[in-house]
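Reading through the structure tokens given below for one structure.
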2 protein chains.
Amino acid sequence: MFRLNRLTDYATVVMTLMAEEPSRLRGASEIAEITRLEQPTVAKLLKLLGKAGLLSSVRGARGGYRLLRSPEQISVGDIIAAIDGPFAMTECGVHGGHCHHESHCQVRGNWRKIGLAIESALRSVTLLDMVAPGPGWTPKITVERPRALPATLQVECEA
Amino acid sequence: MFRLNRLTDYATVVMTLMAEEPSRLRGASEIAEITRLEQPTVAKLLKLLGKAGLLSSVRGARGGYRLLRSPEQISVGDIIAAIDGPFAMTECGVHGGHCHHESHCQVRGNWRKIGLAIESALRSVTLLDMVAPGPGWTPKITVERPRALPATLQVECEA
DNA sequence: GCGATAAGGTACCATTCCAGTCCTATTTAG
DNA sequence: CTAAATAGGACTGGAATGGTACCTTATCGC
């Protein structure tokens with residue numbers, strides 16, 4: 001599937017909640033109660049989001065987290081990157097050059113481009129959009145593509 | 001990560017190869033040899049792609065597979081759907097209504113919309129594009145979004 | 001100052017999912 | 001009839017996920 005993993009999904013819920021009152025300091029327990037998620041899970045998410053620079057934390061009693069930037073300056077892409085790590089459509093090269101046709105592999109290059117396009121699209125959807133998208137909001141994602149040329153390419157990419 | 005799983009990745013390589021000579025019947029072993037993938041893995045992919053209606057199969061000795069439609073009529077989205085199943089950004093509702101705030105959960109609704117937008121974008125990239133994208137090809141994905149309204153929404157969505 | 005509270009960090013376990021293998025039909029060429 | 005190739009399962013090892021526990025560090029209120 002082209003599926004968001006669960007933690008990332010939760011993270012967007014948590015961040016959307018935070019965006020409702022950006023200046024308010026909230027603790028993990030409070031957030032867990034409102035979102036009905038497990039407290040340890042929320043704590044884990046908050047740590048990750050803090051580490052990624054999306055939240056600032058206040059330690060000690062009556063501590064908590066708040067948004068480090070305003071909702072319109074935090075994107076869905078930021079949240080995904082914070083939880084899931086960097087975008088990468090394919091695993092090409094993960095196993096250290098196991099694929100010795102990489103430089104000639106058009107398919108991988110295309111995936112990379114498509115991935116970058118999706119990433120930039122997700123980076124353009126902000127928390128403010130998530131909180132209050134407006135009644136008729138629909139993200140319109142379009143792929144612009146020139147006329148393709150006749151096929152002559154040899155594909156020999158392994159792994 | 002927002003990562004394609006490996007089988008789907010392989011499937012695009014296989015399908016791109018098939019697109020080079022759409023009318024030619026190819027067996028799993030031949031494809032495995034060219035792509036350097038394991039033969040059983042290729043066989044599995046071909047079965048799935050056939051089941052999804054992207055390839056037609058000819059059984060028996062000298063049998064094989066060929067594209068059922070022309071390369072420009074088969075999209076990357078088709079391939080992903082064939083291997084990974086239907087698009088679904090979130091798992092909301094997978095565990096049968098465990099989330100009793102679904103109807104009020106703006107976040108999930110937004111994810112669904114974003115997912116649909118990405119899906120339609122992927123459906124607009126065809127095998128022909130993958131085979132011969134042209135030298136300067138870059139998919140340009142844009143999300144159109146109106147001015148968001150002030151935040152007042154209550155988020156209470158679990159799981 | 002002290003205890004309570006809450007974040008920071010690390011490590012661990014259980015489960016799920018994925019990728020790959022294997023086995024047994026079924027079909028067709030020769 | 002036999003060999004070759006797809007069809008369609010079932011099964012398994014391993015990796016990744018996601019949830020938990022434990023301890024440390026920092027701050028607040030008394």
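We name chains A, B, ... following the order of the structure tokens; residues begin at 1 in each chain, and ligands are numbered from 1 as shown.
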How close does chain A get to chain C? List, as a tab-separated table, each residue of chain A within 7 Å, its nearest atom pair and the distance in Å to one decimal, counting only C-alpha atoms (C1' of nucleotides).
residue	atom	partner	partner_atom	distance
A:Arg59	CA	C:DA7	C1'	5.1
A:Gly60	CA	C:DA6	C1'	5.1
A:Ala61	CA	C:DT5	C1'	4.2
A:Arg62	CA	C:DT5	C1'	6.9
A:Gly63	CA	C:DA6	C1'	5.9
Would you output that residue set with C-alpha atoms, as a compact mmCIF listing (two decimals), in the first residue's frame?
# COMPACT_ATOMS: atom_id res chain seq x y z
CA ARG A 59 10.72 20.28 31.23
CA GLY A 60 9.84 19.83 34.84
CA ALA A 61 6.56 20.02 36.69
CA ARG A 62 3.87 21.84 34.69
CA GLY A 63 6.01 21.39 31.65
| message | I'd like to know which of A:Thr41, A:Ser29, A:Thr126, A:Ser70 is closest to Thr8 of chain A, using only C-alpha atoms. | response |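 Looking only at the distances to Thr8 of chain A, the closest residue turns out to be A:Thr41.
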| message | When you look at Ala43 of chain B with a cut-off of 9 Å (counting only C-alpha atoms (C1' of nucleotides)), what residues show up, excluding the ones that are within fewer than 5 positions of it in the same chain? I need them as a list in words. | response | Gly27, Ala28, Ser29, Ala32, Glu38 and Leu48 of chain B; DT6 of chain D
At a cut-off of 8 Å, list the chain D residues touching chain A, using only C-alpha atoms (C1' of nucleotides), as a PDB file with N, CA and C atoms (P, O5', C5', C4', C3', O3' and C1' of nucleotides), in the first residue's frame.
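For reference, out-v7.pdb as written:
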ATOM      1  P    DG D  18       3.963   1.744  12.774  1.00  0.00           P
ATOM      2  O5'  DG D  18       3.468   1.445  14.251  1.00  0.00           O
ATOM      3  C5'  DG D  18       2.835   0.212  14.547  1.00  0.00           C
ATOM      4  C4'  DG D  18       2.912  -0.075  16.031  1.00  0.00           C
ATOM      5  C3'  DG D  18       2.810   1.149  16.932  1.00  0.00           C
ATOM      6  O3'  DG D  18       2.166   0.771  18.125  1.00  0.00           O
ATOM      7  C1'  DG D  18       4.720   0.010  17.465  1.00  0.00           C
ATOM      8  P    DG D  19       0.782   1.352  18.516  1.00  0.00           P
ATOM      9  O5'  DG D  19       0.673   0.971  20.057  1.00  0.00           O
ATOM     10  C5'  DG D  19       0.774  -0.402  20.385  1.00  0.00           C
ATOM     11  C4'  DG D  19       1.865  -0.652  21.390  1.00  0.00           C
ATOM     12  C3'  DG D  19       1.835   0.186  22.675  1.00  0.00           C
ATOM     13  O3'  DG D  19       1.294  -0.625  23.699  1.00  0.00           O
ATOM     14  C1'  DG D  19       4.049  -0.352  21.951  1.00  0.00           C
ATOM     15  P    DT D  20       1.027   0.014  25.144  1.00  0.00           P
ATOM     16  O5'  DT D  20       2.340  -0.348  25.971  1.00  0.00           O
ATOM     17  C5'  DT D  20       2.821  -1.682  25.929  1.00  0.00           C
ATOM     18  C4'  DT D  20       4.095  -1.800  26.756  1.00  0.00           C
ATOM     19  C3'  DT D  20       4.079  -1.010  28.074  1.00  0.00           C
ATOM     20  O3'  DT D  20       4.199  -1.948  29.132  1.00  0.00           O
ATOM     21  C1'  DT D  20       6.124  -0.699  26.876  1.00  0.00           C
ATOM     22  P    DA D  26      19.986  18.203  33.576  1.00  0.00           P
ATOM     23  O5'  DA D  26      18.617  18.996  33.758  1.00  0.00           O
ATOM     24  C5'  DA D  26      17.778  19.149  32.619  1.00  0.00           C
ATOM     25  C4'  DA D  26      16.405  19.612  33.066  1.00  0.00           C
ATOM     26  C3'  DA D  26      16.412  20.876  33.937  1.00  0.00           C
ATOM     27  O3'  DA D  26      15.500  21.786  33.382  1.00  0.00           O
ATOM     28  C1'  DA D  26      15.081  19.187  34.923  1.00  0.00           C
ATOM     29  P    DT D  27      15.680  23.365  33.640  1.00  0.00           P
ATOM     30  O5'  DT D  27      14.366  23.696  34.464  1.00  0.00           O
ATOM     31  C5'  DT D  27      13.107  23.475  33.846  1.00  0.00           C
ATOM     32  C4'  DT D  27      12.042  23.304  34.897  1.00  0.00           C
ATOM     33  C3'  DT D  27      11.888  24.471  35.869  1.00  0.00           C
ATOM     34  O3'  DT D  27      10.625  25.055  35.617  1.00  0.00           O
ATOM     35  C1'  DT D  27      11.670  22.368  36.950  1.00  0.00           C
ATOM     36  P    DC D  28      10.262  26.499  36.170  1.00  0.00           P
ATOM     37  O5'  DC D  28       9.064  26.153  37.154  1.00  0.00           O
ATOM     38  C5'  DC D  28       8.000  25.311  36.685  1.00  0.00           C
ATOM     39  C4'  DC D  28       7.240  24.750  37.873  1.00  0.00           C
ATOM     40  C3'  DC D  28       6.880  25.784  38.903  1.00  0.00           C
ATOM     41  O3'  DC D  28       5.475  25.784  39.110  1.00  0.00           O
ATOM     42  C1'  DC D  28       7.896  23.875  39.913  1.00  0.00           C
TER      43       DC D  28
END
| said: Just the number, please: distance in Å from atom CA of Gly50 of chain A to atom CA of Glu72 of chain A, one decimal. | reply: 17.6 Å
| Closest of A:Ile83, A:Ser56, A:Arg3, A:Arg123 to chain B - atom-to-atom distances counting only C-alpha atoms |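 Of A:Ile83, A:Ser56, A:Arg3, A:Arg123, the one nearest chain B, counting only C-alpha atoms, is A:Arg3.
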| request: Work out how far atom CA of Gly115 of chain A is from atom CA of Met89 of chain A, in Å to one decimal. | output: 5.6 Å
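Across the structure, atom CA of Met15 of chain B and atom CA of Gly85 of chain A are spaced 28.9 Å apart.
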| query | segment 24-112 of chain A: which residues are helix (DSSP H, G or I) by DSSP, as a PyMOL selection string? | reply | chain A and resi 28-35+39-51+71-73+76-84+102-104+106-112
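Close contacts of Gly77 of chain B, defined as residues with an atom at most 8 Å away when counting only C-alpha atoms (C1' of nucleotides), with chain neighbours fewer than 4 positions off set aside, comprise Ala81, Glu119, Ser120, Leu122, Arg123, Ser124 and Val125 of chain B.
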